$ cat target_32.cif   # mmCIF, C-alpha atoms
data_start
loop_
_atom_site.label_atom_id
_atom_site.label_comp_id
_atom_site.auth_asym_id
_atom_site.auth_seq_id
_atom_site.Cartn_x
_atom_site.Cartn_y
_atom_site.Cartn_z
CA MET A 135 -7.93 -19.14 25.44
CA ARG A 136 -6.95 -20.77 22.16
CA ASN A 137 -3.71 -19.51 20.60
CA LEU A 138 -3.75 -17.97 17.13
CA VAL A 139 -0.93 -18.75 14.74
CA ILE A 140 -1.06 -17.72 11.08
CA GLU A 141 1.76 -18.76 8.79
CA PRO A 142 3.15 -16.09 6.46
CA THR A 143 2.48 -15.88 2.72
CA SER A 144 3.98 -13.60 0.06
CA LYS A 145 1.28 -11.06 0.91
CA THR A 146 0.46 -11.62 4.57
CA PRO A 147 2.54 -11.60 7.75
CA LYS A 148 3.26 -14.26 10.31
CA VAL A 149 1.01 -13.87 13.32
CA ILE A 150 1.64 -15.43 16.72
CA LEU A 151 -0.80 -14.69 19.50
CA ASN A 152 0.00 -16.98 22.41
CA ALA A 153 -1.33 -16.00 25.80
CA ASP A 154 0.22 -19.11 27.44
CA LEU A 155 3.73 -18.04 26.54
CA GLY A 156 3.02 -14.31 26.46
CA ILE A 157 4.07 -13.95 22.82
CA PHE A 158 2.27 -11.42 20.67
CA GLU A 159 3.82 -10.69 17.30
CA ILE A 160 3.07 -9.71 13.74
CA THR A 161 6.08 -9.97 11.42
CA GLY A 162 6.83 -9.97 7.71
CA ARG A 163 4.93 -8.23 4.95
CA SER A 164 1.33 -7.18 4.91
CA ILE A 165 0.09 -6.28 1.45
CA PRO A 166 -3.17 -8.23 0.95
CA GLU A 167 -5.90 -6.77 -1.27
CA ASP A 168 -8.40 -7.63 1.45
CA ALA A 169 -6.67 -6.52 4.63
CA ILE A 170 -9.92 -6.33 6.60
CA GLY A 171 -10.60 -9.99 5.82
CA PHE A 172 -7.14 -10.98 6.94
CA TYR A 173 -7.09 -8.99 10.19
CA ARG A 174 -10.60 -9.83 11.36
CA LYS A 175 -9.39 -12.96 13.18
CA VAL A 176 -6.54 -11.02 14.78
CA LEU A 177 -8.84 -8.26 16.00
CA ASP A 178 -11.35 -10.78 17.34
CA TRP A 179 -8.58 -12.59 19.20
CA ILE A 180 -7.28 -9.40 20.82
CA GLU A 181 -10.80 -8.36 21.75
CA GLU A 182 -11.31 -11.68 23.53
CA TYR A 183 -7.86 -11.55 25.15
CA SER A 184 -8.39 -8.02 26.44
CA LYS A 185 -11.20 -9.25 28.70
CA SER A 186 -8.66 -10.99 30.95
CA PRO A 187 -5.12 -10.19 29.79
CA LEU A 188 -1.82 -11.25 31.33
CA PRO A 189 -0.32 -8.86 33.93
CA GLU A 190 1.94 -7.60 31.17
CA THR A 191 1.47 -7.58 27.39
CA THR A 192 4.29 -6.67 25.00
CA PHE A 193 3.16 -6.68 21.40
CA LYS A 194 5.88 -6.87 18.76
CA PHE A 195 5.45 -5.57 15.22
CA HIS A 196 8.19 -6.01 12.66
CA LEU A 197 6.95 -5.34 9.16
CA GLU A 198 9.01 -5.18 6.03
CA TYR A 199 6.22 -3.72 3.92
CA PHE A 200 2.58 -2.93 4.45
CA ASN A 201 -0.06 -1.43 2.19
CA THR A 202 -2.48 1.32 3.08
CA SER A 203 -5.40 -1.04 3.66
CA SER A 204 -3.26 -2.83 6.26
CA SER A 205 -2.37 0.51 7.86
CA LYS A 206 -5.98 1.03 8.86
CA CYS A 207 -6.16 -2.48 10.34
CA LEU A 208 -2.94 -1.89 12.28
CA LEU A 209 -4.48 1.24 13.73
CA ASP A 210 -7.50 -0.84 14.79
CA ILE A 211 -5.17 -3.26 16.59
CA PHE A 212 -3.32 -0.38 18.28
CA ARG A 213 -6.63 1.14 19.38
CA LYS A 214 -7.60 -2.12 21.08
CA LEU A 215 -4.24 -2.19 22.89
CA GLU A 216 -4.69 1.46 23.80
CA ARG A 217 -8.05 0.62 25.32
CA MET A 218 -6.42 -2.12 27.42
CA HIS A 219 -3.80 0.36 28.57
CA LYS A 220 -6.46 2.90 29.51
CA ALA A 221 -8.32 0.20 31.43
CA GLY A 222 -5.25 -0.06 33.66
CA HIS A 223 -3.42 -3.04 32.13
CA LYS A 224 0.30 -2.98 31.41
CA VAL A 225 0.64 -2.86 27.62
CA THR A 226 3.63 -1.97 25.45
CA ILE A 227 3.77 -1.82 21.66
CA ARG A 228 7.23 -2.42 20.23
CA TRP A 229 7.58 -1.22 16.64
CA HIS A 230 10.66 -2.92 15.17
CA TYR A 231 12.12 -1.70 11.91
CA ASP A 232 15.33 -2.16 9.95
CA ALA A 233 17.71 0.55 11.10
CA ASP A 234 18.21 1.94 7.59
CA ASP A 235 14.50 1.99 6.76
CA GLU A 236 13.55 5.64 7.35
CA ASP A 237 10.09 5.22 5.88
CA MET A 238 9.22 2.50 8.38
CA ALA A 239 10.70 4.57 11.22
CA GLU A 240 8.57 7.52 10.15
CA THR A 241 5.46 5.35 9.95
CA GLY A 242 6.15 4.21 13.50
CA GLN A 243 6.45 7.83 14.61
CA ASP A 244 3.15 8.62 12.86
CA TYR A 245 1.38 5.92 14.85
CA GLN A 246 3.14 6.90 18.05
CA ALA A 247 1.81 10.44 17.67
CA LEU A 248 -1.76 9.20 17.20
CA LEU A 249 -1.85 6.88 20.20
CA ASP A 250 -1.99 7.10 23.94
CA VAL A 251 -0.26 3.85 24.85
CA PRO A 252 3.45 3.06 25.45
CA PHE A 253 4.83 2.76 21.92
CA GLU A 254 8.55 2.01 21.53
CA LEU A 255 10.50 2.42 18.30
CA VAL A 256 13.10 -0.33 18.03
CA PRO A 257 15.67 -0.09 15.23
CA VAL A 258 17.23 -3.48 14.54
CA MET B 75 4.85 -9.17 -37.50
CA SER B 76 6.56 -6.04 -38.78
CA MET B 77 5.21 -4.18 -35.75
CA THR B 78 7.28 -6.20 -33.31
CA TYR B 79 10.47 -4.29 -33.89
CA SER B 80 8.79 -0.92 -33.54
CA TYR B 81 7.16 -2.05 -30.26
CA TYR B 82 10.57 -3.13 -29.07
CA LYS B 83 12.31 0.11 -30.10
CA ASN B 84 9.54 2.21 -28.66
CA MET B 85 9.72 0.49 -25.30
CA GLN B 86 13.48 0.75 -25.28
CA LEU B 87 13.35 4.42 -26.15
CA ASN B 88 10.94 5.08 -23.28
CA ASN B 89 12.99 2.98 -20.83
CA ILE B 90 10.04 0.67 -20.23
CA ILE B 91 11.06 -2.42 -18.30
CA PHE B 92 7.59 -3.86 -17.89
CA VAL B 93 4.22 -3.40 -19.55
CA TYR B 94 0.93 -5.23 -19.18
CA GLN B 95 -2.40 -4.66 -20.87
CA GLY B 96 -5.29 -6.85 -19.84
CA GLU B 97 -7.58 -7.84 -17.00
CA VAL B 98 -6.30 -7.07 -13.51
CA THR B 99 -6.86 -9.84 -10.99
CA ALA B 100 -5.46 -10.34 -7.48
CA ASP B 101 -3.28 -13.20 -8.72
CA LEU B 102 -1.93 -11.10 -11.54
CA VAL B 103 -1.05 -8.27 -9.14
CA SER B 104 0.84 -10.82 -6.99
CA SER B 105 2.74 -12.18 -9.98
CA ILE B 106 3.76 -8.75 -11.22
CA LEU B 107 4.94 -7.67 -7.77
CA GLN B 108 6.98 -10.84 -7.42
CA MET B 109 8.54 -10.42 -10.84
CA ILE B 110 9.46 -6.77 -10.41
CA GLU B 111 10.80 -7.42 -6.92
CA ASN B 112 13.10 -10.12 -8.30
CA LYS B 113 14.18 -7.78 -11.05
CA LEU B 114 15.03 -4.97 -8.61
CA GLU B 115 16.84 -7.47 -6.42
CA GLY B 116 18.85 -8.84 -9.30
CA GLU B 117 19.96 -5.45 -10.50
CA GLY B 118 21.51 -4.43 -7.22
CA GLU B 119 19.39 -1.30 -6.80
CA ASP B 120 19.85 0.63 -3.54
CA ARG B 121 17.83 -1.01 -0.75
CA LYS B 122 15.95 2.13 0.16
CA VAL B 123 15.09 2.86 -3.48
CA LYS B 124 14.01 -0.73 -4.00
CA LYS B 125 11.67 -0.59 -1.01
CA ARG B 126 10.12 2.66 -2.15
CA VAL B 127 9.58 1.44 -5.70
CA PHE B 128 7.98 -1.73 -4.35
CA ASN B 129 5.76 0.23 -1.96
CA VAL B 130 4.58 2.64 -4.65
CA MET B 131 4.00 -0.24 -7.03
CA VAL B 132 1.85 -2.11 -4.49
CA GLU B 133 -0.36 0.94 -3.97
CA CYS B 134 -0.61 1.78 -7.67
CA LEU B 135 -1.54 -1.76 -8.69
CA GLN B 136 -3.98 -2.28 -5.84
CA ASN B 137 -5.50 1.11 -6.52
CA VAL B 138 -6.33 0.00 -10.07
CA TYR B 139 -7.54 -3.38 -8.83
CA HIS B 140 -9.94 -1.81 -6.32
CA HIS B 141 -11.09 1.30 -8.12
CA LEU B 142 -11.25 0.72 -11.86
CA ASP B 143 -14.68 1.03 -13.46
CA ALA B 144 -15.39 -1.92 -15.73
CA LEU B 145 -16.76 -1.11 -19.16
CA PRO B 146 -20.10 -2.67 -20.04
CA PRO B 147 -19.86 -5.63 -22.46
CA THR B 148 -19.71 -4.60 -26.12
CA ASP B 149 -20.32 -8.03 -27.61
CA PRO B 150 -23.89 -9.25 -26.91
CA ASN B 151 -22.69 -12.85 -27.31
CA ASN B 152 -20.05 -12.37 -24.67
CA PRO B 153 -21.65 -10.54 -21.75
CA VAL B 154 -18.44 -10.01 -19.82
CA LYS B 155 -17.51 -6.61 -18.49
CA ASP B 156 -14.25 -5.16 -19.66
CA LYS B 157 -11.99 -4.91 -16.61
CA THR B 158 -8.81 -4.32 -18.52
CA ALA B 159 -6.15 -1.82 -17.56
CA LEU B 160 -2.61 -0.80 -18.44
CA LEU B 161 0.36 -1.20 -16.08
CA MET B 162 3.78 0.10 -16.97
CA ILE B 163 7.09 0.40 -15.18
CA GLY B 164 10.08 2.30 -16.50
CA ARG B 165 13.58 2.98 -15.34
CA GLU B 166 15.32 6.15 -16.38
CA GLU B 167 18.70 7.44 -15.33
CA LYS B 168 17.32 9.34 -12.34
CA ASP B 169 13.90 7.86 -11.68
CA TYR B 170 11.74 4.80 -11.73
CA TYR B 171 8.26 5.57 -12.98
CA ILE B 172 5.09 3.60 -12.49
CA ILE B 173 2.16 4.32 -14.80
CA THR B 174 -1.30 2.85 -14.53
CA GLY B 175 -4.25 3.40 -16.86
CA ASN B 176 -7.85 2.35 -16.36
CA HIS B 177 -11.38 3.34 -17.26
CA ILE B 178 -13.28 5.58 -14.93
CA LEU B 179 -16.88 6.82 -14.93
CA ASN B 180 -16.97 10.48 -15.95
CA ASP B 181 -19.05 11.25 -12.83
CA ARG B 182 -16.10 10.33 -10.64
CA ILE B 183 -13.61 12.63 -12.36
CA PRO B 184 -14.22 15.98 -10.60
CA GLU B 185 -13.74 14.50 -7.12
CA LEU B 186 -10.65 12.51 -8.10
CA LYS B 187 -9.14 15.48 -9.94
CA ALA B 188 -9.71 17.75 -6.94
CA ARG B 189 -8.08 15.17 -4.68
CA LEU B 190 -5.03 14.78 -6.95
CA ASP B 191 -4.61 18.55 -7.23
CA ARG B 192 -4.85 18.92 -3.48
CA ILE B 193 -2.21 16.22 -2.98
CA ASN B 194 0.07 17.78 -5.59
CA ARG B 195 -0.18 21.18 -3.89
CA ALA B 196 0.57 19.80 -0.43
CA THR B 197 3.98 20.09 1.19
CA LYS B 198 5.67 17.07 2.75
CA GLU B 199 4.37 18.10 6.17
CA GLU B 200 0.83 18.66 4.86
CA LEU B 201 0.84 15.23 3.19
CA LYS B 202 1.77 13.66 6.48
CA GLN B 203 -1.08 15.49 8.19
CA LEU B 204 -3.51 14.52 5.43
CA TYR B 205 -2.42 10.89 5.71
CA GLN B 206 -3.12 10.90 9.45
CA GLU B 207 -6.49 12.59 8.98
CA VAL B 208 -7.63 9.98 6.46
CA LEU B 209 -6.14 7.13 8.48
CA THR B 210 -8.03 8.14 11.60
CA GLY B 211 -11.19 8.80 9.61
CA SER B 212 -11.48 12.56 10.01
CA GLY B 213 -10.37 13.37 6.47
CA PHE B 214 -12.11 12.90 3.11
CA SER B 215 -15.80 12.20 3.37
CA GLU B 216 -15.66 8.89 1.52
CA LYS B 217 -15.80 5.58 3.33
CA GLY B 218 -12.94 3.37 4.40
CA THR B 219 -9.36 3.91 3.39
CA ALA B 220 -10.02 4.90 -0.21
CA GLY B 221 -7.88 7.93 -0.75
CA LEU B 222 -5.13 6.78 1.58
CA GLY B 223 -3.40 4.95 -1.26
CA ILE B 224 -2.81 8.02 -3.40
CA ILE B 225 -1.55 10.05 -0.45
CA ASP B 226 0.87 7.25 0.40
CA ILE B 227 2.06 7.10 -3.22
CA ALA B 228 2.71 10.86 -3.14
CA ARG B 229 4.58 10.61 0.18
CA LYS B 230 6.81 7.76 -0.94
CA SER B 231 7.37 9.32 -4.37
CA GLY B 232 8.31 12.74 -3.05
CA GLN B 233 7.47 14.15 -6.50
CA LYS B 234 4.31 15.51 -8.11
CA LEU B 235 1.94 12.88 -9.46
CA GLY B 236 1.22 13.05 -13.18
CA TYR B 237 -2.32 12.33 -14.32
CA ASP B 238 -4.62 12.55 -17.31
CA PHE B 239 -8.27 11.91 -18.10
CA HIS B 240 -8.71 10.93 -21.73
CA PRO B 241 -12.38 11.05 -22.85
CA VAL B 242 -13.58 7.71 -24.26
CA ASN B 243 -17.34 8.28 -24.61
CA ASP B 244 -20.13 10.12 -22.80
CA ARG B 245 -19.92 7.82 -19.78
CA TYR B 246 -16.27 6.83 -19.51
CA SER B 247 -12.78 8.26 -19.63
CA PHE B 248 -9.38 6.63 -19.44
CA PHE B 249 -7.55 7.71 -16.31
CA SER B 250 -3.79 7.49 -16.21
CA LEU B 251 -1.60 8.09 -13.19
CA GLU B 252 2.16 8.40 -13.08
CA ALA B 253 4.27 8.16 -9.92
CA ARG B 254 8.03 8.65 -9.90
CA VAL B 255 10.59 7.37 -7.41
CA SER B 256 14.07 8.81 -7.42
CA ARG B 257 16.93 6.35 -7.92
CA ILE B 258 19.28 8.65 -6.07
CA PRO B 259 19.03 7.75 -2.39
CA GLU B 260 18.72 10.69 0.00
CA LYS B 261 21.61 11.31 2.27
#
$ encode --input "target_32.cif" --output "structure tokens"
Amino acid sequence: MRNLVIEPTSKTPKVILNADLGIFEITGRSIPEDAIGFYRKVLDWIEEYSKSPLPETTFKFHLEYFNTSSSKCLLDIFRKLERMHKAGHKVTIRWHYDADDEDMAETGQDYQALLDVPFELVPV
Amino acid sequence: MSMTYSYYKNMQLNNIIFVYQGEVTADLVSSILQMIENKLEGEGEDRKVKKRVFNVMVECLQNVYHHLDALPPTDPNNPVKDKTALLMIGREEKDYYIITGNHILNDRIPELKARLDRINRATKEELKQLYQEVLTGSGFSEKGTAGLGIIDIARKSGQKLGYDFHPVNDRYSFFSLEARVSRIPEK
């Protein structure tokens, strides 16, 4: 399938979804007014990918900031990955955060508690 | 022009570092965020404090952008709705404060007031639970993520939110919201 790469802006993160290389990442800041508009492409891509995923999918998130409208979209992404996991595919979410950023660590823990998919907290 | 000095003194007295009155657009929100971020960066504020102030500011500004009620046009020759608001940021010895002010339909006040009171009564743990309920869609009856912003502001602030509804006419009031972020980083 076609890879999806979105370059970062001051309000939106860098997105790399590359099934050829097995790279799945969302990094940077995510504070758009219209988060649903921004994440629609990402969600569509994952939906398509989940029909025949690689034997192993490790999805990296490393966000500096995100707003509450993005938080709902992130949950939608996690739910899709959770569904893949429940369907028997090997899926891991890696939530990277700056080691001194307690708020981002706590947000990761919040998501971890809501989901039934391997969800690793990775201080960097 | 004689007012200029009193504006200046007044702002200084109230530790206001930024104030804007006018129409709120997406581009304007971006510019303000950028400017305040640079300012926080330049002043060597603690990283954690800086992040929190930025986070709270994003939610406050976007909250106004998404939820303000525009006033109907007053000038028949200029049929443009009044989408103006007030944005203010201050820095005191112990806290940063972010104040927003915008018009709101009187009909919306009881629900918003109840929500703010509920958030102000909640403990840290209850706020976390409330956040998760709204995030997963089992909380507040309203659609989408509306409501999540204010809970997030309260969580990041760690202090009670200040608010006021100032009556303007029989249809509208002016809603102001104040969020504080401590400048003293937690240990």
$ residues_around --input "target_32.cif" --residues "Leu209 of chain A" --least-positions-apart "5" --cutoff "9 Å" --atoms "only C-alpha atoms" --output "list in words"
Ser204, Lys214, Tyr245 and Leu249 of chain A; Leu209 and Thr210 of chain B
$ write_last_selection --input "target_32.cif" --atoms "C-alpha atoms" --output "compact mmCIF listing (two decimals), keeping the file's coordinate frame"
# COMPACT_ATOMS: atom_id res chain seq x y z
CA SER A 204 -3.26 -2.83 6.26
CA LYS A 214 -7.60 -2.12 21.08
CA TYR A 245 1.38 5.92 14.85
CA LEU A 249 -1.85 6.88 20.20
CA LEU B 209 -6.14 7.13 8.48
CA THR B 210 -8.03 8.14 11.60
$ closest_atom_pairs --input "target_32.cif" --of "chain A" --to "chain B" --cutoff "7 Å" --atoms "only C-alpha atoms" --output "tab-separated table"
residue	atom	partner	partner_atom	distance
A:Glu167	CA	B:Gln136	CA	6.7
A:Asn201	CA	B:Glu133	CA	6.6
A:Thr202	CA	B:Gly223	CA	5.7
A:Ser203	CA	B:Thr219	CA	6.3
A:Lys206	CA	B:Leu209	CA	6.1
A:Asp235	CA	B:Lys122	CA	6.8
$ resolve_selection --input "target_32.cif" --expression "the PyMOL selection byres ((chain A and resi 178-185) around 10)" --output "list in words"
Met135, Arg136, Asn137, Leu138, Leu151, Asn152, Ala153, Phe158, Tyr173, Arg174, Lys175, Val176, Leu177, Ser186, Pro187, Leu188, Thr191, Ile211, Lys214, Leu215, Arg217, Met218, His219, Ala221 and His223 of chain A
$ atom_distance --input "target_32.cif" --atom1 "atom CA of Asp101 of chain B" --atom2 "atom CA of Gly236 of chain B"
27.0 Å
$ residues_around --input "target_32.cif" --residues "segment 188-198 of chain B" --least-positions-apart "3" --cutoff "7 Å" --atoms "all atoms listed in the file" --output "PyMOL selection string"
chain B and resi 184-185+201-202+225+234-235
$ write_last_selection --input "target_32.cif" --atoms "C-alpha atoms" --output "short mmCIF file (atom, residue, chain, number, x, y, z; two decimals), in the coordinates of the input"
data_model
loop_
_atom_site.label_atom_id
_atom_site.label_comp_id
_atom_site.auth_asym_id
_atom_site.auth_seq_id
_atom_site.Cartn_x
_atom_site.Cartn_y
_atom_site.Cartn_z
CA PRO B 184 -14.22 15.98 -10.60
CA GLU B 185 -13.74 14.50 -7.12
CA LEU B 201 0.84 15.23 3.19
CA LYS B 202 1.77 13.66 6.48
CA ILE B 225 -1.55 10.05 -0.45
CA LYS B 234 4.31 15.51 -8.11
CA LEU B 235 1.94 12.88 -9.46
#
$ closest_residue --input "target_32.cif" --among "A:Asp210, A:Gly242, A:Glu190, A:Val256" --to "Lys224 of chain A" --atoms "all atoms listed in the file"
A:Glu190
$ residues_near_point --input "target_32.cif" --point "(11.2, 1.1, 16.8)" --cutoff "7 Å" --atoms "all atoms listed in the file" --output "MDAnalysis selection string"
chainID A and resid 228:231 239 242 254:257
$ write_last_selection --input "target_32.cif" --atoms "C-alpha atoms" --output "PDB file, keeping the file's coordinate frame"
ATOM      1  CA  ARG A 228       7.230  -2.420  20.230  1.00  0.00           C
ATOM      2  CA  TRP A 229       7.580  -1.220  16.640  1.00  0.00           C
ATOM      3  CA  HIS A 230      10.660  -2.920  15.170  1.00  0.00           C
ATOM      4  CA  TYR A 231      12.120  -1.700  11.910  1.00  0.00           C
ATOM      5  CA  ALA A 239      10.700   4.570  11.220  1.00  0.00           C
ATOM      6  CA  GLY A 242       6.150   4.210  13.500  1.00  0.00           C
ATOM      7  CA  GLU A 254       8.550   2.010  21.530  1.00  0.00           C
ATOM      8  CA  LEU A 255      10.500   2.420  18.300  1.00  0.00           C
ATOM      9  CA  VAL A 256      13.100  -0.330  18.030  1.00  0.00           C
ATOM     10  CA  PRO A 257      15.670  -0.090  15.230  1.00  0.00           C
TER      11      PRO A 257
END
$ closest_residue --input "target_32.cif" --among "B:Pro241, B:Gly118, B:Pro150, B:Gly232" --to "His177 of chain B" --atoms "only C-alpha atoms"
B:Pro241
$ atom_distance --input "target_32.cif" --atom1 "atom CA of Phe195 of chain A" --atom2 "atom CA of Ile170 of chain A"
17.6 Å
$ resolve_selection --input "target_32.cif" --expression "the PyMOL selection byres ((chain A and resi 226) around 6)" --output "PyMOL selection string"
chain A and resi 192+225+227+252
$ atom_distance --input "target_32.cif" --atom1 "atom CA of Ala253 of chain B" --atom2 "atom CA of Cys134 of chain B"
8.3 Å
$ residues_around --input "target_32.cif" --residues "Phe92 of chain B" --least-positions-apart "3" --cutoff "7 Å" --atoms "only C-alpha atoms" --output "list in words"
Met162, Ile163 and Gly164 of chain B
$ residues_around --input "target_32.cif" --residues "Ala159 of chain B" --least-positions-apart "6" --cutoff "8 Å" --atoms "all atoms listed in the file" --output "list in words"
Gln95, Gly96, Glu97, Val98, Val138, Thr174, Gly175, Asn176 and His177 of chain B
$ resolve_selection --input "target_32.cif" --expression "the PyMOL selection byres ((chain B and resi 180) around 7)" --output "PDB file with C-alpha atoms, in the coordinates of the input"
ATOM      1  CA  ILE B 178     -13.280   5.580 -14.930  1.00  0.00           C
ATOM      2  CA  LEU B 179     -16.880   6.820 -14.930  1.00  0.00           C
ATOM      3  CA  ASP B 181     -19.050  11.250 -12.830  1.00  0.00           C
ATOM      4  CA  ARG B 182     -16.100  10.330 -10.640  1.00  0.00           C
ATOM      5  CA  ILE B 183     -13.610  12.630 -12.360  1.00  0.00           C
ATOM      6  CA  ARG B 245     -19.920   7.820 -19.780  1.00  0.00           C
ATOM      7  CA  TYR B 246     -16.270   6.830 -19.510  1.00  0.00           C
ATOM      8  CA  SER B 247     -12.780   8.260 -19.630  1.00  0.00           C
TER       9      SER B 247
END
$ axis_aligned_box --input "target_32.cif" --around "segment 173-192 of chain A" --padding-each-side "6 Å" --output "lines of an AutoDock Vina configuration file"
center_x = -3.5
center_y = -9.8
center_z = 22.1
size_x = 27.6
size_y = 18.3
size_z = 35.7
$ residues_around --input "target_32.cif" --residues "Glu141 of chain A" --least-positions-apart "5" --cutoff "12 Å" --atoms "all atoms listed in the file" --output "PyMOL selection string"
chain A and resi 146-151+159-163+172
$ residues_near_point --input "target_32.cif" --point "(16.7, 6.0, -8.4)" --cutoff "8 Å" --atoms "only C-alpha atoms" --output "NGL selection string"
:B and (119-120 or 123 or 167-170 or 255-259)
$ closest_residue --input "target_32.cif" --among "A:Arg213, A:Asp234, A:Ile140, A:Ser205" --to "Leu248 of chain A" --atoms "only C-alpha atoms"
A:Arg213
